[in-house]
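Shown here: query36.cif, mmCIF, C-alpha atoms.
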data_upload
loop_
_atom_site.label_atom_id
_atom_site.label_comp_id
_atom_site.auth_asym_id
_atom_site.auth_seq_id
_atom_site.Cartn_x
_atom_site.Cartn_y
_atom_site.Cartn_z
CA SER A 28 -9.69 23.75 6.79
CA SER A 29 -6.73 25.31 8.63
CA PHE A 30 -8.34 24.15 11.88
CA LEU A 31 -8.56 20.61 10.46
CA VAL A 32 -4.86 20.63 9.56
CA LYS A 33 -3.92 21.77 13.07
CA LEU A 34 -6.10 19.01 14.47
CA VAL A 35 -4.62 16.30 12.23
CA VAL A 36 -0.92 17.20 12.50
CA PRO A 37 -0.52 19.16 15.76
CA GLY A 38 3.19 18.30 15.86
CA PHE A 39 3.94 20.12 12.57
CA SER A 40 5.51 23.58 12.45
CA PRO A 41 3.35 26.48 11.11
CA SER A 42 5.11 26.36 7.70
CA GLN A 43 4.58 22.59 7.45
CA GLN A 44 0.90 23.02 8.34
CA GLN A 45 0.48 25.65 5.61
CA GLU A 46 2.05 23.32 3.05
CA THR A 47 -0.20 20.48 4.23
CA LEU A 48 -3.24 22.76 3.83
CA ALA A 49 -2.28 23.68 0.25
CA LEU A 50 -1.80 20.05 -0.73
CA MET A 51 -5.05 19.01 0.95
CA ARG A 52 -7.07 21.60 -0.99
CA ILE A 53 -5.79 20.23 -4.30
CA MET A 54 -6.32 16.59 -3.35
CA PHE A 55 -9.92 17.22 -2.25
CA LEU A 56 -10.77 16.88 -5.97
CA SER A 57 -9.68 13.26 -5.84
CA PRO A 58 -12.47 11.80 -3.62
CA ILE A 59 -15.14 13.52 -5.76
CA ILE A 60 -13.82 11.87 -8.92
CA LEU A 61 -13.24 8.55 -7.17
CA GLY A 62 -16.83 8.69 -5.89
CA ALA A 63 -18.11 8.76 -9.48
CA SER A 64 -15.64 6.02 -10.39
CA ALA A 65 -16.92 3.86 -7.51
CA ILE A 66 -20.42 3.90 -9.03
CA VAL A 67 -18.99 2.70 -12.35
CA SER A 68 -16.99 0.01 -10.49
CA SER A 69 -20.13 -1.28 -8.77
CA VAL A 70 -21.91 -1.73 -12.11
CA LEU A 71 -18.92 -3.61 -13.57
CA GLN A 72 -18.80 -5.89 -10.52
CA TYR A 73 -22.50 -6.71 -10.87
CA PHE A 74 -21.92 -7.83 -14.48
CA ASP A 75 -18.75 -9.76 -13.46
CA LEU A 76 -16.58 -7.47 -15.62
CA PHE A 77 -13.44 -7.36 -13.52
CA PHE A 78 -10.75 -6.63 -16.13
CA SER A 79 -11.27 -2.87 -16.40
CA TYR A 80 -12.02 -2.73 -12.70
CA SER A 81 -8.69 -4.42 -11.92
CA LEU A 82 -6.82 -1.98 -14.17
CA ALA A 83 -8.25 1.07 -12.37
CA PRO A 84 -5.90 0.96 -9.32
CA ILE A 85 -2.92 0.52 -11.65
CA PHE A 86 -3.84 3.65 -13.61
CA TYR A 87 -4.48 5.46 -10.33
CA ASN A 88 -0.93 4.70 -9.28
CA LEU A 89 0.38 5.66 -12.72
CA GLY A 90 -1.16 9.08 -12.20
CA ILE A 91 0.56 9.40 -8.84
CA LEU A 92 3.88 8.31 -10.36
CA THR A 93 3.44 10.90 -13.11
CA GLY A 94 3.10 13.53 -10.40
CA ILE A 95 6.27 12.30 -8.72
CA LEU A 96 8.38 11.98 -11.86
CA PHE A 97 7.16 14.93 -13.95
CA PHE A 98 4.76 17.34 -12.21
CA SER A 99 6.97 17.71 -9.15
CA LYS A 100 9.83 19.02 -11.27
CA LYS A 101 7.72 21.96 -12.41
CA PHE A 102 5.30 22.54 -9.53
CA GLY A 103 7.24 21.16 -6.55
CA MET A 104 5.19 19.52 -3.81
CA ALA A 105 1.96 20.69 -5.48
CA GLY A 106 2.87 18.48 -8.43
CA LEU A 107 2.54 15.44 -6.19
CA ALA A 108 -0.98 16.50 -5.24
CA TRP A 109 -1.95 17.05 -8.88
CA GLY A 110 -0.59 13.57 -9.60
CA VAL A 111 -3.15 12.17 -7.15
CA VAL A 112 -5.91 14.07 -8.97
CA LEU A 113 -4.68 12.74 -12.33
CA GLY A 114 -4.69 9.22 -10.88
CA ALA A 115 -8.35 9.63 -9.85
CA VAL A 116 -9.27 10.80 -13.38
CA LEU A 117 -7.48 7.81 -14.93
CA HIS A 118 -9.19 5.50 -12.41
CA PHE A 119 -12.55 6.72 -13.77
CA LEU A 120 -11.70 6.84 -17.49
CA ILE A 121 -10.21 3.34 -17.76
CA GLN A 122 -13.51 1.82 -16.58
CA LEU A 123 -15.77 4.00 -18.70
CA PRO A 124 -15.68 1.98 -22.00
CA ALA A 125 -16.66 -1.28 -20.28
CA PHE A 126 -19.34 0.58 -18.31
CA LEU A 127 -20.91 2.00 -21.48
CA LYS A 128 -20.94 -1.45 -23.12
CA THR A 129 -23.16 -2.83 -20.34
CA GLY A 130 -25.99 -0.61 -21.58
CA PHE A 131 -26.30 0.90 -18.12
CA THR A 132 -26.98 4.64 -18.31
CA LEU A 133 -26.99 7.33 -15.66
CA LYS A 134 -30.04 9.57 -15.54
CA PRO A 135 -30.84 12.39 -13.11
CA PHE A 136 -33.50 10.84 -10.91
CA PHE A 137 -34.30 11.41 -7.25
CA ASN A 138 -37.59 10.20 -5.85
CA LEU A 139 -37.66 9.46 -2.12
CA SER A 140 -40.91 7.53 -2.52
CA GLN A 141 -39.06 4.81 -4.46
CA PRO A 142 -38.79 1.70 -2.20
CA GLY A 143 -35.43 0.77 -3.76
CA LEU A 144 -33.95 4.19 -3.02
CA ARG A 145 -35.15 4.09 0.58
CA ARG A 146 -33.60 0.63 0.91
CA ILE A 147 -30.29 1.95 -0.44
CA PHE A 148 -30.22 4.79 2.09
CA LYS A 149 -31.09 2.41 4.90
CA LEU A 150 -28.19 0.11 4.02
CA MET A 151 -25.84 2.96 3.11
CA ILE A 152 -25.98 4.97 6.34
CA PRO A 153 -24.23 2.37 8.57
CA ARG A 154 -21.67 1.69 5.82
CA THR A 155 -20.96 5.42 5.48
CA ILE A 156 -20.46 5.73 9.23
CA GLY A 157 -18.05 2.79 9.14
CA SER A 158 -16.04 4.29 6.29
CA GLY A 159 -15.91 7.66 8.03
CA ALA A 160 -14.75 6.02 11.25
CA TYR A 161 -11.95 4.23 9.36
CA TYR A 162 -10.55 7.46 7.96
CA LEU A 163 -10.99 9.20 11.28
CA ASN A 164 -8.86 6.42 12.74
CA LEU A 165 -6.12 7.19 10.19
CA LEU A 166 -6.29 10.88 11.04
CA ILE A 167 -5.99 10.20 14.76
CA THR A 168 -3.10 7.79 14.19
CA THR A 169 -1.33 10.40 12.06
CA ALA A 170 -1.93 13.00 14.76
CA ILE A 171 -0.38 10.70 17.38
CA ALA A 172 2.61 9.97 15.09
CA SER A 173 3.19 13.71 14.57
CA THR A 174 3.85 14.11 18.30
CA LEU A 175 6.52 11.38 18.34
CA ALA A 176 10.14 11.50 17.19
CA VAL A 177 11.01 13.04 13.82
CA GLY A 178 10.31 10.55 11.02
CA SER A 179 7.62 8.65 12.92
CA ILE A 180 4.90 9.56 10.41
CA MET A 181 7.04 8.26 7.54
CA VAL A 182 7.92 5.09 9.46
CA PHE A 183 4.30 4.20 10.20
CA ASN A 184 2.91 5.27 6.81
CA PHE A 185 5.52 3.38 4.80
CA ALA A 186 5.16 0.30 6.99
CA ASN A 187 1.37 0.56 6.64
CA ASP A 188 1.73 0.88 2.85
CA ILE A 189 3.69 -2.39 2.69
CA TYR A 190 1.19 -3.99 5.05
CA GLY A 191 -1.68 -2.90 2.79
CA VAL A 192 -0.30 -4.62 -0.32
CA PRO A 193 -1.44 -8.16 0.60
CA MET A 194 -4.88 -6.88 1.61
CA GLY A 195 -5.26 -5.14 -1.76
CA LEU A 196 -3.88 -8.02 -3.83
CA ILE A 197 -5.55 -10.87 -1.94
CA GLY A 198 -8.22 -9.69 0.50
CA ILE A 199 -9.97 -7.03 -1.57
CA SER A 200 -9.57 -8.96 -4.84
CA PHE A 201 -11.23 -12.17 -3.64
CA ALA A 202 -13.87 -10.31 -1.62
CA THR A 203 -14.81 -8.14 -4.61
CA ALA A 204 -14.95 -11.11 -6.98
CA ALA A 205 -17.06 -13.18 -4.57
CA PHE A 206 -19.52 -10.46 -3.53
CA PRO A 207 -21.78 -10.45 -6.66
CA ALA A 208 -22.18 -14.24 -6.48
CA LEU A 209 -22.85 -14.13 -2.74
CA SER A 210 -25.50 -11.43 -3.20
CA ARG A 211 -27.23 -13.27 -6.05
CA ASN A 212 -27.20 -16.60 -4.21
CA PHE A 213 -28.68 -15.04 -1.08
CA ALA A 214 -31.34 -13.15 -3.05
CA GLN A 215 -32.32 -16.36 -4.88
CA LYS A 216 -32.18 -18.36 -1.63
CA GLU A 217 -29.59 -20.78 -3.03
CA ASN A 218 -27.99 -21.59 0.31
CA LYS A 219 -25.75 -24.37 -0.97
CA LYS A 220 -24.27 -22.21 -3.73
CA PHE A 221 -23.91 -19.33 -1.29
CA PHE A 222 -21.79 -21.36 1.11
CA GLU A 223 -19.77 -22.86 -1.75
CA SER A 224 -18.92 -19.39 -3.05
CA PHE A 225 -17.94 -18.22 0.42
CA ALA A 226 -15.90 -21.34 1.21
CA SER A 227 -14.04 -21.12 -2.10
CA ALA A 228 -13.03 -17.50 -1.54
CA PHE A 229 -12.22 -18.05 2.15
CA SER A 230 -9.93 -21.03 1.51
CA LYS A 231 -8.09 -19.22 -1.31
CA VAL A 232 -7.47 -16.17 0.87
CA ILE A 233 -6.07 -18.40 3.66
CA PHE A 234 -3.95 -20.30 1.13
CA PHE A 235 -2.19 -17.11 0.00
CA ALA A 236 -2.38 -14.86 3.06
CA LEU A 237 -1.00 -17.17 5.76
CA PRO A 238 2.34 -18.00 4.05
CA LEU A 239 2.66 -14.40 2.89
CA SER A 240 2.26 -13.26 6.49
CA CYS A 241 5.16 -15.53 7.50
CA LEU A 242 7.38 -14.44 4.60
CA MET A 243 6.82 -10.74 5.21
CA PHE A 244 7.85 -11.17 8.82
CA LEU A 245 11.03 -13.03 7.90
CA PHE A 246 11.92 -10.82 4.91
CA ARG A 247 10.91 -7.52 6.51
CA ALA A 248 14.43 -6.09 6.69
CA GLN A 249 15.27 -6.96 3.08
CA ILE A 250 11.97 -5.57 1.76
CA VAL A 251 12.29 -2.25 3.61
CA ARG A 252 15.97 -1.85 2.74
CA LEU A 253 15.22 -2.34 -0.95
CA LEU A 254 12.22 -0.02 -1.02
CA TYR A 255 13.19 2.79 1.32
CA GLY A 256 16.76 2.34 2.50
CA THR A 257 18.35 2.31 -0.96
CA ARG A 258 17.95 4.19 -4.22
CA LEU A 259 16.49 1.19 -6.06
CA LEU A 260 12.89 2.46 -6.04
CA GLY A 261 13.31 5.83 -4.37
CA GLN A 262 15.84 8.39 -3.29
CA GLY A 263 17.16 6.67 -0.20
CA TYR A 264 14.44 8.06 2.07
CA PHE A 265 15.65 6.71 5.37
CA SER A 266 18.62 6.67 7.63
CA TRP A 267 19.66 3.26 8.93
CA ASP A 268 17.79 3.78 12.24
CA LEU A 269 14.56 4.71 10.46
CA THR A 270 14.98 1.76 8.09
CA ARG A 271 15.28 -0.58 11.08
CA LEU A 272 12.23 0.98 12.74
CA THR A 273 10.18 0.59 9.54
CA ALA A 274 11.29 -3.03 9.18
CA ALA A 275 10.30 -3.73 12.79
CA SER A 276 6.90 -2.08 12.18
CA VAL A 277 6.38 -4.25 9.09
CA GLY A 278 7.28 -7.31 11.14
CA VAL A 279 4.72 -6.44 13.82
CA LEU A 280 2.01 -5.68 11.25
CA SER A 281 2.69 -8.88 9.29
CA VAL A 282 1.33 -10.91 12.21
CA SER A 283 -2.19 -9.74 11.32
CA ILE A 284 -1.97 -10.01 7.52
CA PHE A 285 -4.19 -13.11 7.48
CA ALA A 286 -6.84 -11.21 9.45
CA SER A 287 -6.66 -8.05 7.33
CA CYS A 288 -7.07 -10.15 4.17
CA LEU A 289 -10.13 -12.01 5.51
CA ILE A 290 -11.95 -9.01 6.98
CA PRO A 291 -13.13 -7.65 3.55
CA LEU A 292 -14.59 -11.06 2.67
CA LEU A 293 -16.34 -11.54 6.02
CA ALA A 294 -17.75 -8.01 5.87
CA ARG A 295 -19.17 -8.64 2.40
CA VAL A 296 -20.85 -11.80 3.60
CA PHE A 297 -22.80 -9.62 6.04
CA TYR A 298 -23.51 -7.11 3.24
CA SER A 299 -24.93 -9.91 1.08
CA PHE A 300 -27.31 -10.64 3.99
CA HIS A 301 -28.33 -6.94 3.79
CA ASP A 302 -26.77 -6.54 7.22
CA THR A 303 -24.53 -3.47 7.17
CA LYS A 304 -24.91 -2.70 10.86
CA THR A 305 -23.01 -5.65 12.36
CA PRO A 306 -19.69 -5.17 10.49
CA VAL A 307 -19.86 -1.41 11.04
CA LYS A 308 -20.39 -1.81 14.80
CA ILE A 309 -17.45 -4.21 14.95
CA SER A 310 -15.35 -1.87 12.82
CA ILE A 311 -16.07 1.11 15.07
CA PHE A 312 -15.23 -0.96 18.15
CA SER A 313 -11.90 -2.08 16.62
CA ILE A 314 -11.08 1.53 15.69
CA LEU A 315 -11.73 2.74 19.23
CA LEU A 316 -9.62 -0.16 20.49
CA ASN A 317 -6.84 0.80 18.08
CA VAL A 318 -6.82 4.45 19.18
CA GLY A 319 -6.85 3.54 22.87
CA LEU A 320 -4.07 0.98 22.45
CA SER A 321 -2.02 3.41 20.33
CA LEU A 322 -2.06 6.06 23.06
CA TRP A 323 -1.24 3.55 25.80
CA LEU A 324 1.46 1.63 23.90
CA CYS A 325 3.26 4.77 22.72
CA SER A 326 3.44 5.83 26.36
CA PHE A 327 4.36 2.30 27.47
CA LEU A 328 7.32 2.09 25.06
CA GLN A 329 8.64 5.41 26.30
CA HIS A 330 9.75 3.76 29.53
CA SER A 331 12.17 0.95 30.21
CA GLY A 332 11.03 -2.38 31.63
CA TYR A 333 11.29 -6.13 31.20
CA LEU A 334 8.57 -6.41 28.53
CA GLN A 335 9.88 -3.40 26.62
CA ASP A 336 13.45 -4.73 26.69
CA GLU A 337 12.42 -8.20 25.53
CA LEU A 338 10.37 -6.76 22.68
CA LEU A 339 13.23 -4.54 21.51
CA LYS A 340 15.65 -7.43 21.85
CA PHE A 341 13.42 -9.62 19.68
CA LEU A 342 13.11 -6.88 17.04
CA LYS A 343 16.83 -5.97 17.34
CA LEU A 344 16.19 -2.36 18.31
CA ARG A 345 17.73 -2.16 21.79
CA ASP A 346 20.26 0.52 20.84
CA LEU A 347 17.65 2.99 19.52
CA THR A 348 16.66 5.92 21.72
CA SER A 349 13.02 6.24 20.60
CA VAL A 350 10.83 3.34 19.45
CA ARG A 351 7.44 4.73 20.47
CA VAL A 352 6.15 4.57 16.89
CA LEU A 353 6.06 0.76 17.26
CA GLY A 354 3.10 1.28 19.56
CA LEU A 355 1.01 2.30 16.53
CA SER A 356 1.86 -0.92 14.68
CA ILE A 357 1.24 -3.14 17.69
CA ALA A 358 -2.11 -1.45 18.32
CA LEU A 359 -3.17 -1.88 14.68
CA THR A 360 -2.18 -5.55 14.71
CA ILE A 361 -4.13 -6.31 17.89
CA SER A 362 -7.25 -4.38 16.78
CA THR A 363 -7.22 -6.03 13.34
CA ILE A 364 -7.09 -9.55 14.81
CA VAL A 365 -9.85 -8.65 17.28
CA GLN A 366 -11.99 -7.33 14.41
CA PHE A 367 -11.50 -10.57 12.48
CA LEU A 368 -12.37 -12.72 15.50
CA LEU A 369 -15.53 -10.72 16.22
CA LEU A 370 -16.68 -10.93 12.58
CA SER A 371 -16.08 -14.69 12.64
CA LEU A 372 -17.98 -15.07 15.90
CA PHE A 373 -21.02 -13.10 14.73
CA LEU A 374 -20.98 -14.88 11.36
CA LYS A 375 -20.94 -18.23 13.16
CA LYS A 376 -24.09 -17.19 15.02
CA LYS A 377 -25.73 -15.92 11.84
CA VAL A 378 -25.22 -19.16 9.89
CA ASN A 379 -26.41 -21.39 12.74
CA GLY A 380 -23.10 -22.39 14.29
CA VAL A 381 -21.08 -23.34 11.20
CA MET A 382 -17.41 -23.08 12.16
CA VAL A 383 -15.63 -20.75 9.75
CA PHE A 384 -12.22 -22.44 9.73
CA THR A 385 -13.21 -26.11 9.68
CA LYS A 386 -16.04 -25.82 7.16
CA ALA A 387 -14.88 -23.01 4.89
CA CYS A 388 -11.26 -24.17 4.83
CA PRO A 389 -10.95 -27.94 5.42
CA ASP A 390 -7.23 -27.78 4.56
CA PHE A 391 -6.51 -25.11 7.18
CA LEU A 392 -4.23 -27.32 9.29
CA LYS A 393 -2.31 -28.41 6.19
CA ILE A 394 -1.80 -24.78 5.20
CA VAL A 395 -0.54 -23.96 8.70
CA ALA A 396 1.88 -26.89 8.64
CA ALA A 397 3.12 -25.98 5.16
CA SER A 398 3.58 -22.34 6.22
CA LEU A 399 5.66 -23.37 9.23
CA GLY A 400 7.84 -25.63 7.09
CA MET A 401 8.26 -22.86 4.53
CA SER A 402 9.19 -20.40 7.31
CA ALA A 403 11.96 -22.69 8.55
CA VAL A 404 13.37 -22.97 5.03
CA ALA A 405 13.13 -19.20 4.53
CA PHE A 406 14.86 -18.49 7.85
CA PHE A 407 17.88 -20.69 7.12
CA SER A 408 18.08 -19.90 3.41
CA LEU A 409 18.39 -16.17 4.16
CA ARG A 410 21.49 -16.89 6.19
CA PHE A 411 22.81 -19.41 3.67
CA PHE A 412 22.54 -17.09 0.67
CA ALA A 413 24.06 -14.24 2.70
CA LEU A 414 27.32 -16.20 2.39
CA PHE A 415 27.26 -15.82 -1.40
CA PHE A 416 25.83 -12.30 -1.85
CA ASN A 417 27.16 -8.95 -0.68
CA THR A 418 24.05 -7.79 1.15
CA SER A 419 25.46 -4.31 1.69
CA LYS A 420 24.84 -3.71 -2.03
CA VAL A 421 21.47 -3.47 -3.78
CA LEU A 422 22.07 -6.31 -6.23
CA GLY A 423 23.39 -8.57 -3.50
CA LEU A 424 20.39 -7.85 -1.29
CA LEU A 425 18.04 -8.46 -4.21
CA GLY A 426 19.81 -11.72 -5.04
CA GLN A 427 19.56 -12.95 -1.44
CA LEU A 428 15.86 -12.08 -1.23
CA THR A 429 15.05 -13.62 -4.63
CA CYS A 430 16.83 -16.92 -3.99
CA ALA A 431 15.48 -17.31 -0.46
CA GLY A 432 11.99 -16.31 -1.59
CA LEU A 433 11.92 -18.78 -4.48
CA LEU A 434 13.17 -21.63 -2.29
CA ALA A 435 10.56 -20.81 0.36
CA ALA A 436 7.75 -20.60 -2.21
CA LEU A 437 8.73 -23.95 -3.76
CA THR A 438 8.77 -25.52 -0.30
CA TYR A 439 5.28 -24.24 0.44
CA LEU A 440 3.87 -25.37 -2.91
CA PHE A 441 5.50 -28.82 -2.50
#
Output the file's structure in the form of structure tokens.
Amino acid sequence: SSFLVKLVVPGFSPSQQQETLALMRIMFLSPIILGASAIVSSVLQYFDLFFSYSLAPIFYNLGILTGILFFSKKFGMAGLAWGVVLGAVLHFLIQLPAFLKTGFTLKPFFNLSQPGLRRIFKLMIPRTIGSGAYYLNLLITTAIASTLAVGSIMVFNFANDIYGVPMGLIGISFATAAFPALSRNFAQKENKKFFESFASAFSKVIFFALPLSCLMFLFRAQIVRLLYGTRLLGQGYFSWDLTRLTAASVGVLSVSIFASCLIPLLARVFYSFHDTKTPVKISIFSILLNVGLSLWLCSFLQHSGYLQDELLKFLKLRDLTSVRVLGLSIALTISTIVQFLLLSLFLKKKVNGVMVFTKACPDFLKIVAASLGMSAVAFFSLRFFALFFNTSKVLGLLGQLTCAGLLAALTYLF
């Protein structure tokens, strides 16, 4: 395990690597518990019982917050790790009552001659490889960030956390809710209902994800300043330079929010076809693309040039000495969009040439037009409300963001 830590964070000092190793050993309990919880979640999804399932991530985060607020005071950094373990336990327990009510029981049974079990393993192996490749990608990205300027890991991780919120709230939610219906419709050969279920979920994801992508780009500085640059939700983690870098990273990542929200749904369409190989192959390709682009872009941004200067000018970072961490965000954005396009292309071939956008989301052009109009209102309203709020203070910044956000949302809905 010490070798793994050195491999993951080669830029850390020996003392930091030892602390990372201690935390990792504690948190290794978490995936075991979450693995059992995932089985319970699958049963609840099959029976369309989403309430307890939707509460599970909330209780997981409550466990982590308990570690931050209480355990850390007594156990230090180890308390944070034990908070993650507590979150995993709560994730499992909150779903258990609903699971027991379904009448589904777990019994020790392992017979390789069972056709169903062999089918599960056949479908599971590509999916497992894909999941492993995803986490390997995170490890490699973290390793690259550890070799950059001090604070680069925090910048990328916090920006990635903000970027992941829409995918969790919109992409995963709609994909999870649609998957049981898609699977049943395919199994019963109800092609019309299958496409209706897919089109309904697809159009809803576009409806929410596209404007949110625009708003996160425009409000990136306010969001990061409130979360990490002030003491509103934390302890003032960042200096002003790191806050600006994180905001720029969020802005870059927000370009691919629509794609990251649609990928879970498109992947589950393939899973409902009992095709786990295609999305996994595409996922592995996008991960390799992300790693390659990360290495190249981090090196590219180290040097001065016309493209680098224009990018930094656009993101208002020209006075910073090191912006190489932006290469990680740009690489992730490009690879995510490529992954979405490849999934759409292969899905188009699989369903005999049906165009994803035009058929699954007939109002796509209207949503694009509304998002552009909303973006214009958001851009000017930010500057307008800055005249009435002291944006150097938390309450003023919150007031500016709230008023501009509400006006933009009303414009989009209108």
*Could you state which residues are captured by the PyMOL selection byres ((chain A and resi 401) around 12) in this file, as a PyMOL selection string?*
chain A and resi 237-242+245+394-400+402-408+431-441
*Between A:Lys134, A:Arg351, A:Lys375, A:His301, which one has atoms that come closest to Ser179 (chain A), using all atoms listed in the file?*
A:Arg351
_For a quick check of understanding, using only C-alpha atoms, which of A:Ser210, A:Ser281, A:Thr203, A:Ser331 has the smallest distance to Ser299 (chain A)?_
A:Ser210
*asked:* Please determine, counting only C-alpha atoms, which residue among A:Leu359, A:Pro37, A:Leu50, A:Ser287 has the shortest atom-to-atom distance to Phe102 (chain A).
replied: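 Between A:Leu359, A:Pro37, A:Leu50, A:Ser287, the residue approaching Phe102 (chain A) most closely is A:Leu50.
Among the candidates A:Leu422, A:Ile180, A:Leu322, A:Ala228, the residue lying nearest to Thr273 (chain A) is A:Ile180 (atoms considered: all atoms listed in the file).
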_Chain and number of each residue from the PyMOL selection byres ((chain A and resi 104) around 12), as a VMD selection string_ = chain A and resid 43 46 to 51 53 to 54 94 to 103 105 to 111
Please write the residues from the selection above to a file, keeping C-alpha atoms, as a JSON list (two decimals), keeping the file's coordinate frame.
[["chain", "number", "residue", "atom", "x", "y", "z"],
["A", 43, "GLN", "CA", 4.58, 22.59, 7.45],
["A", 46, "GLU", "CA", 2.05, 23.32, 3.05],
["A", 47, "THR", "CA", -0.20, 20.48, 4.23],
["A", 48, "LEU", "CA", -3.24, 22.76, 3.83],
["A", 49, "ALA", "CA", -2.28, 23.68, 0.25],
["A", 50, "LEU", "CA", -1.80, 20.05, -0.73],
["A", 51, "MET", "CA", -5.05, 19.01, 0.95],
["A", 53, "ILE", "CA", -5.79, 20.23, -4.30],
["A", 54, "MET", "CA", -6.32, 16.59, -3.35],
["A", 94, "GLY", "CA", 3.10, 13.53, -10.40],
["A", 95, "ILE", "CA", 6.27, 12.30, -8.72],
["A", 96, "LEU", "CA", 8.38, 11.98, -11.86],
["A", 97, "PHE", "CA", 7.16, 14.93, -13.95],
["A", 98, "PHE", "CA", 4.76, 17.34, -12.21],
["A", 99, "SER", "CA", 6.97, 17.71, -9.15],
["A", 100, "LYS", "CA", 9.83, 19.02, -11.27],
["A", 101, "LYS", "CA", 7.72, 21.96, -12.41],
["A", 102, "PHE", "CA", 5.30, 22.54, -9.53],
["A", 103, "GLY", "CA", 7.24, 21.16, -6.55],
["A", 105, "ALA", "CA", 1.96, 20.69, -5.48],
["A", 106, "GLY", "CA", 2.87, 18.48, -8.43],
["A", 107, "LEU", "CA", 2.54, 15.44, -6.19],
["A", 108, "ALA", "CA", -0.98, 16.50, -5.24],
["A", 109, "TRP", "CA", -1.95, 17.05, -8.88],
["A", 110, "GLY", "CA", -0.59, 13.57, -9.60],
["A", 111, "VAL", "CA", -3.15, 12.17, -7.15]]
Could you give me the centre and size, in Å to one decimal, of an axis-aligned box around all listed atoms of region 305-316 of chain A with 8 Å added on every side, as lines of an AutoDock Vina configuration file?
center_x = -16.3
center_y = -1.5
center_z = 15.5
size_x = 29.4
size_y = 24.4
size_z = 26.0
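Distances from A:Ser313, A:Thr168, A:Tyr87, A:Phe300 to Ala214 (chain A) were compared using all atoms listed in the file, and the smallest one belongs to A:Phe300.
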_From A:Leu175, A:Ala286, A:Leu425, A:Ala204, residue lying nearest Gln329 (chain A) [all atoms listed in the file]_ = A:Leu175
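Between CA of Thr303 (chain A) and CA of Ile152 (chain A) there is a distance of 8.6 Å.
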*Excluding Ala170 (chain A) and residues on its chain fewer than 4 positions from it, collect all residues at most 12 Å away from it, counting all atoms listed in the file, and give them as a list in words.*
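Once the nearby chain positions are removed, what remains is Leu31, Val32, Lys33, Leu34, Val35, Val36, Pro37, Gly38, Phe39, Leu163, Asn164, Leu165, Leu166, Thr174, Leu175, Ser179, Ile180, Phe183, Val318, Ser321, Leu322, Val352 and Leu355 of chain A.
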*the PyMOL selection byres ((chain A and resi 369) around 12) applied to the shown file, residues as a list in words*: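 What the PyMOL selection byres ((chain A and resi 369) around 12) grabs from the file is Ala286, Ile290, Leu293, Ala294, Thr305, Pro306, Val307, Lys308, Ile309, Ser310, Ile311, Phe312, Ser313, Ser362, Thr363, Ile364, Val365, Gln366, Phe367, Leu368, Leu370, Ser371, Leu372, Phe373, Leu374, Lys375, Lys376 and Val383 of chain A.
The gap separating CA of Arg271 (chain A) from CA of Ile361 (chain A) is 21.4 Å, in Å to one decimal.
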*asked:* Just want the 12 Å neighbourhood of Trp267 (chain A), counted on all atoms listed in the file, with same-chain residues fewer than 5 positions away dropped. Output as a PyMOL selection string.
replied: chain A and resi 182+248+251-252+255-257+272-274+344+347+419
Under the rule of at most 9 Å, produce a per-residue listing of region 111-130 of chain A near region 68-74 of chain A: chain, number, name, the closest pair of atoms, and the distance in Å, as JSON lines, using all atoms listed in the file.
{"residue": "A:Phe119", "atom": "CA", "partner": "A:Ser68", "partner_atom": "CA", "distance": 8.7}
{"residue": "A:Gln122", "atom": "CA", "partner": "A:Ser68", "partner_atom": "CA", "distance": 7.2}
{"residue": "A:Ala125", "atom": "CA", "partner": "A:Leu71", "partner_atom": "CA", "distance": 7.5}
{"residue": "A:Phe126", "atom": "CA", "partner": "A:Leu71", "partner_atom": "CA", "distance": 6.3}
{"residue": "A:Thr129", "atom": "CA", "partner": "A:Phe74", "partner_atom": "CA", "distance": 7.8}
